[in-house]
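Asks: Below you'll find the structure I mean.
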Amino acid sequence: MKKRKKKVDRLRLFSQFILIYMLLAFLWWAVLLIKKNNELFHATAQSKELIWQAEGNNGSFELTSEYQSLVDKRDKQFWMVLGEGSVFVIALMIGIWFINRGYQREIDTIRQKRNFLLAITHELKSPLASISLILETLQTRRLERSHQENLAKHGIKETERLSALVENLLLSSRLDKSFTPVFETTDLYGLIEEVSEDIKRIRPEADIRLLSSEEKPILAKVDIQGFQSVMFNLIENALKYSDPGSPVEIEITSKKEETIIKVRDQGIGIPPGERQKIFQQFYRSGHEETRSTKGTGLGLYIVSKMMEYHGGKIHVESNTPKGSTFVLRIPKK
Ligand code: ADP
């Protein structure tokens, strides 16, 4: 991956060099052209003046209309070179900008993929190592019942984490290629309640509050599994990027045309410059080496893709006094 980045960097430098060379060469040609134009003007003016004098005319040749038309022609040529040159330079600059943007995107993708590989390796290895250690301890040591139970609970948590990760990996690759949603009328309130309960089993300390003054059930046509995954990822993120014990509120409002779900947390928040990027596949803020929270950069990609399949929309805004609010809009078809 590093080799590929180096190659892209080299290509970028090379193409920038070529473009700058073209720009300088063109500027040189433009200067030469203007110079030649001036020389031609002086030569023509001189010869015309000689003919004019030979015809017996007196006074200043520069005051004649013939001389003026030569000046006009020279100026016209000059502006033509300048005009066409500017268009060429602007086109070249736009070209440079496009090439740079293309390379930058390529470099970002390479970096994100590299981060993803680092993250996924860690995310897969660490629960497996914990589970294997727990099983070994249970096998080799005679422990008290309560201790055994604690270890088993921890093992189950790690297994569920692993299973959620594998679920995200599979879903993300299916969303890229072959996902066909199956829409069913379902109670969104009940679905979110179930997901919250599932999360609380892994994180008993989680403070998830489901708010809605709407009459229950709140019906909507969704792909049930897909939508469970949407809610799971949003609630998990809200908890993951907040202090332990910090509340996460989920508010459901049913409008005539759409159902609106808001997932609010009081966590670290998302800077405005990143609010679009976080929905890209593999995108995570910060560097993998220095990042403290676990993750792969797949969660919000799955959420936004799934919303696309539902003909819905998602965006994020800041919460007051702090944190983020993810807003989902699901149309009532
Ligand atoms: P992951 O959480 O695995 O890194 P996601 O796709 O779920 O990947 O999220 C992408 C990035 O968006 C995260 O790395 C994080 O920086 C940011 N993010 C997502 N949800 C929240 C949130 N509720 N609060 C703050 N930052 C968030």
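To be explicit about the labels: the chains of the structure tokens are called A, B, and onward in the order shown, and within each one the residues are counted from 1, while ligands get numbers from 1 in the order they are shown.
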Residues within 6 Å of ligand 1 should be enumerated using only C-alpha atoms and all ligand atoms and returned as a list in words.
Replies: Asn237, Ala238, Tyr241, Gly267, Ile268, Gly269, Ile270, Ile278, Tyr283, Arg284, Ser285, Gly295, Thr296, Gly297, Leu298, Gly299, Leu300, Tyr301 and Ser324 of chain A
Asks: Can I get the selected residues back with all heavy atoms, as a CSV table (one decimal), in the first residue's frame?
Replies:
```
chain,number,residue,atom,x,y,z
A,237,ASN,N,-22.5,4.1,17.6
A,237,ASN,CA,-21.6,5.3,17.4
A,237,ASN,C,-21.9,6.3,18.5
A,237,ASN,O,-21.0,6.9,19.1
A,237,ASN,CB,-21.8,5.9,16.0
A,237,ASN,CG,-21.0,5.2,15.0
A,237,ASN,OD1,-20.2,4.4,15.3
A,237,ASN,ND2,-21.3,5.6,13.7
A,238,ALA,N,-23.2,6.6,18.7
A,238,ALA,CA,-23.5,7.6,19.7
A,238,ALA,C,-22.9,7.3,21.1
A,238,ALA,O,-22.4,8.1,21.8
A,238,ALA,CB,-25.1,7.7,19.8
A,241,TYR,N,-18.8,7.3,20.8
A,241,TYR,CA,-18.1,8.6,20.8
A,241,TYR,C,-18.6,9.6,21.9
A,241,TYR,O,-18.6,10.8,21.7
A,241,TYR,CB,-18.3,9.2,19.4
A,241,TYR,CG,-17.6,8.4,18.3
A,241,TYR,CD1,-18.3,7.6,17.4
A,241,TYR,CD2,-16.2,8.3,18.3
A,241,TYR,CE1,-17.7,6.8,16.5
A,241,TYR,CE2,-15.6,7.5,17.4
A,241,TYR,CZ,-16.3,6.7,16.5
A,241,TYR,OH,-15.7,5.9,15.6
A,267,GLY,N,-21.8,13.6,22.9
A,267,GLY,CA,-20.4,13.1,22.8
A,267,GLY,C,-19.4,14.2,22.3
A,267,GLY,O,-19.6,15.4,22.5
A,268,ILE,N,-18.4,13.7,21.6
A,268,ILE,CA,-17.3,14.5,21.1
A,268,ILE,C,-17.7,15.4,20.0
A,268,ILE,O,-17.0,16.4,19.7
A,268,ILE,CB,-16.1,13.7,20.7
A,268,ILE,CG1,-16.4,12.7,19.6
A,268,ILE,CG2,-15.5,12.9,21.9
A,268,ILE,CD1,-15.2,12.0,19.0
A,269,GLY,N,-18.8,15.2,19.3
A,269,GLY,CA,-19.3,16.0,18.2
A,269,GLY,C,-18.5,15.8,16.9
A,269,GLY,O,-17.4,15.1,17.0
A,270,ILE,N,-18.9,16.3,15.8
A,270,ILE,CA,-18.3,16.2,14.5
A,270,ILE,C,-18.0,17.5,13.9
A,270,ILE,O,-19.0,18.3,13.7
A,270,ILE,CB,-19.1,15.3,13.6
A,270,ILE,CG1,-19.4,13.9,14.2
A,270,ILE,CG2,-18.5,15.1,12.2
A,270,ILE,CD1,-20.5,13.2,13.6
A,278,ILE,N,-17.8,11.7,6.7
A,278,ILE,CA,-18.0,10.5,7.6
A,278,ILE,C,-18.9,9.4,6.9
A,278,ILE,O,-18.8,8.3,7.4
A,278,ILE,CB,-18.5,10.9,9.0
A,278,ILE,CG1,-19.8,11.7,8.8
A,278,ILE,CG2,-17.5,11.6,9.8
A,278,ILE,CD1,-20.5,11.9,10.2
A,283,TYR,N,-14.0,5.8,5.9
A,283,TYR,CA,-13.6,7.1,6.5
A,283,TYR,C,-13.7,7.0,8.0
A,283,TYR,O,-14.7,6.7,8.6
A,283,TYR,CB,-14.4,8.2,5.9
A,283,TYR,CG,-13.9,9.6,6.4
A,283,TYR,CD1,-12.9,10.2,5.8
A,283,TYR,CD2,-14.3,10.1,7.6
A,283,TYR,CE1,-12.3,11.4,6.2
A,283,TYR,CE2,-13.8,11.3,8.1
A,283,TYR,CZ,-12.8,11.9,7.4
A,283,TYR,OH,-12.3,13.1,7.9
A,284,ARG,N,-12.6,7.4,8.6
A,284,ARG,CA,-12.6,7.6,10.1
A,284,ARG,C,-11.8,8.9,10.4
A,284,ARG,O,-10.8,9.1,9.7
A,284,ARG,CB,-11.9,6.5,10.8
A,284,ARG,CG,-12.4,5.1,10.5
A,284,ARG,CD,-12.0,4.1,11.6
A,284,ARG,NE,-12.7,4.4,12.8
A,284,ARG,CZ,-12.2,4.1,14.0
A,284,ARG,NH1,-11.0,3.6,14.1
A,284,ARG,NH2,-12.9,4.4,15.1
A,285,SER,N,-12.2,9.7,11.4
A,285,SER,CA,-11.4,10.9,11.6
A,285,SER,C,-10.1,10.5,12.4
A,285,SER,O,-10.1,9.6,13.2
A,285,SER,CB,-12.2,12.0,12.3
A,285,SER,OG,-13.1,11.4,13.1
A,295,GLY,N,-13.1,0.8,15.6
A,295,GLY,CA,-14.0,1.0,14.5
A,295,GLY,C,-13.3,0.7,13.1
A,295,GLY,O,-12.1,0.6,13.1
A,296,THR,N,-14.1,0.7,12.1
A,296,THR,CA,-13.6,0.3,10.8
A,296,THR,C,-13.9,1.4,9.7
A,296,THR,O,-13.4,1.3,8.6
A,296,THR,CB,-14.2,-1.0,10.3
A,296,THR,OG1,-15.6,-0.9,10.4
A,296,THR,CG2,-13.7,-2.2,11.1
A,297,GLY,N,-14.8,2.3,10.0
A,297,GLY,CA,-15.2,3.3,9.0
A,297,GLY,C,-16.3,2.7,8.1
A,297,GLY,O,-16.5,3.2,7.0
A,298,LEU,N,-17.0,1.6,8.5
A,298,LEU,CA,-18.0,1.1,7.6
A,298,LEU,C,-19.4,1.4,8.1
A,298,LEU,O,-20.3,1.5,7.2
A,298,LEU,CB,-17.9,-0.5,7.6
A,298,LEU,CG,-16.7,-1.1,6.9
A,298,LEU,CD1,-16.8,-2.6,7.0
A,298,LEU,CD2,-16.7,-0.7,5.4
A,299,GLY,N,-19.6,1.7,9.4
A,299,GLY,CA,-20.9,1.9,9.9
A,299,GLY,C,-21.8,2.9,9.2
A,299,GLY,O,-22.9,2.6,8.7
A,300,LEU,N,-21.2,4.2,9.1
A,300,LEU,CA,-22.1,5.2,8.5
A,300,LEU,C,-22.2,5.1,7.0
A,300,LEU,O,-23.2,5.5,6.4
A,300,LEU,CB,-21.4,6.6,8.8
A,300,LEU,CG,-21.6,7.0,10.3
A,300,LEU,CD1,-21.0,8.4,10.5
A,300,LEU,CD2,-23.0,7.0,10.7
A,301,TYR,N,-21.2,4.4,6.4
A,301,TYR,CA,-21.4,4.1,5.0
A,301,TYR,C,-22.6,3.2,4.8
A,301,TYR,O,-23.4,3.4,3.9
A,301,TYR,CB,-20.1,3.4,4.5
A,301,TYR,CG,-20.2,2.8,3.1
A,301,TYR,CD1,-20.3,3.6,2.0
A,301,TYR,CD2,-20.3,1.4,2.9
A,301,TYR,CE1,-20.4,3.1,0.7
A,301,TYR,CE2,-20.4,0.9,1.6
A,301,TYR,CZ,-20.5,1.7,0.5
A,301,TYR,OH,-20.6,1.2,-0.7
A,324,SER,N,-23.7,15.3,18.8
A,324,SER,CA,-24.2,15.3,17.4
A,324,SER,C,-25.6,14.8,17.4
A,324,SER,O,-26.0,14.0,18.3
A,324,SER,CB,-23.3,14.4,16.5
A,324,SER,OG,-22.0,14.4,16.9
```
Asks: Dump as JSON lines the rows for residues of stretch 300-322 of chain A within 8 Å of stretch 329-333 of chain A: closest atom pair and distance in Å with one decimal, only C-alpha atoms counted, ordered by chain and rising residue number.
Replies:
```
{"residue": "A:Met307", "atom": "CA", "partner": "A:Ile330", "partner_atom": "CA", "distance": 7.6}
{"residue": "A:His310", "atom": "CA", "partner": "A:Ile330", "partner_atom": "CA", "distance": 6.9}
{"residue": "A:Gly311", "atom": "CA", "partner": "A:Pro331", "partner_atom": "CA", "distance": 6.8}
{"residue": "A:Gly312", "atom": "CA", "partner": "A:Ile330", "partner_atom": "CA", "distance": 4.6}
{"residue": "A:Lys313", "atom": "CA", "partner": "A:Arg329", "partner_atom": "CA", "distance": 5.2}
{"residue": "A:Ile314", "atom": "CA", "partner": "A:Arg329", "partner_atom": "CA", "distance": 6.4}
```
Asks: Between A:Ser213, A:Asn58, A:Ser69, A:Thr293, which is the closest to A:Thr253 once you count only C-alpha atoms?
Replies: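 Smallest distance to A:Thr253 is found for A:Ser213.
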Asks: Given the choices A:His147, A:His154, A:Lys177, A:Arg10, which gets closest to A:Ile131 if the distance is worked out from only C-alpha atoms?
Replies: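 Distance minimum relative to A:Ile131 lands on A:His154.
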Asks: Enumerate as a VMD selection string all residues of stretch 124-295 of chain A assigned to alpha helix (DSSP H) by DSSP on the backbone, naming them with the chain letters and numbers the document uses.
Replies: chain A and resid 124 to 140 145 to 177 188 to 202 224 to 240
Asks: List the spatial neighbours of stretch 50-54 of chain A as a PyMOL selection string - criterion: any atom at most 12 Å away, only C-alpha atoms, same-chain residues fewer than 6 positions off excluded.
Replies: chain A and resi 43-44+60-62+64-67
Asks: Leaving out A:Ala152 and any residue of its chain fewer than 6 positions from it, which residues lie within 9 Å of it when counting only C-alpha atoms, given as a VMD selection string?
Replies: chain A and resid 134 to 135 138
Asks: Convert the current residue selection to file output with N, CA and C atoms, as a compact mmCIF listing (two decimals), in the first residue's frame.
Replies:
```
# COMPACT_ATOMS: atom_id res chain seq x y z
N ILE A 134 -9.95 -16.49 27.53
CA ILE A 134 -11.03 -16.85 28.47
C ILE A 134 -11.23 -18.37 28.48
N LEU A 135 -11.30 -18.95 27.27
CA LEU A 135 -11.52 -20.41 27.19
C LEU A 135 -10.36 -21.17 27.83
N LEU A 138 -10.69 -20.91 31.58
CA LEU A 138 -11.76 -21.78 32.09
C LEU A 138 -11.34 -23.24 32.06
```
Asks: Atom CA of A:Thr180 to atom CA of A:Glu160: how many Å, to one decimal?
Replies: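 We find that atom CA of A:Thr180 and atom CA of A:Glu160 lie 25.6 Å from each other.
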Asks: Give me, as a PyMOL selection string, all polymer residues having an atom no more than 12 Å from A:Asp176, counting only C-alpha atoms and skipping those fewer than 2 positions away in the same chain.
Replies: chain A and resi 169-174+178-180+281+298+301-302+305-306+309
Asks: Find the residues around A:Lys221 up to 7 Å (only C-alpha atoms counted), leave out those fewer than 3 positions away in its own chain, and share them as a PyMOL selection string.
Replies: chain A and resi 183-186
Asks: Those residues with C-alpha atoms, as a compact mmCIF listing (two decimals), in the first residue's frame please?
Replies:
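Saved result, selection_13.txt, follows:
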```txt
# COMPACT_ATOMS: atom_id res chain seq x y z
CA PHE A 183 -39.75 -3.80 2.15
CA GLU A 184 -42.22 -4.80 4.86
CA THR A 185 -44.58 -2.72 6.92
CA THR A 186 -43.20 -2.74 10.41
```
Asks: Excluding same-chain residues fewer than 5 positions from A:Gln16, what lies within 9 Å of it counting only C-alpha atoms, as a list in words?
Replies: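 So, after excluding close chain neighbours, the residues are Leu11, Tyr21, Ile96, Ile99 and Asn100 of chain A.
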Asks: Which is closer to A:Arg201 than all the others in A:Leu234, A:Ile156, A:Val71, A:Leu143, using only C-alpha atoms?
Replies: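 Distance minimum relative to A:Arg201 lands on A:Ile156.
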Asks: Between A:Glu167, A:Glu158, A:Glu258, A:Asp243, single out the one closest to A:Ser132, counting only C-alpha atoms.
Replies: A:Glu158
Asks: Quick one: distance from atom CA of A:Ala119 to atom CA of A:Lys5 in Å, one decimal?
Replies: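 That distance, rounded to one decimal, is 18.7 Å.
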Asks: Interatomic distance between atom CA of A:Lys125 and atom CA of A:Ser146?
Replies: 27.0 Å
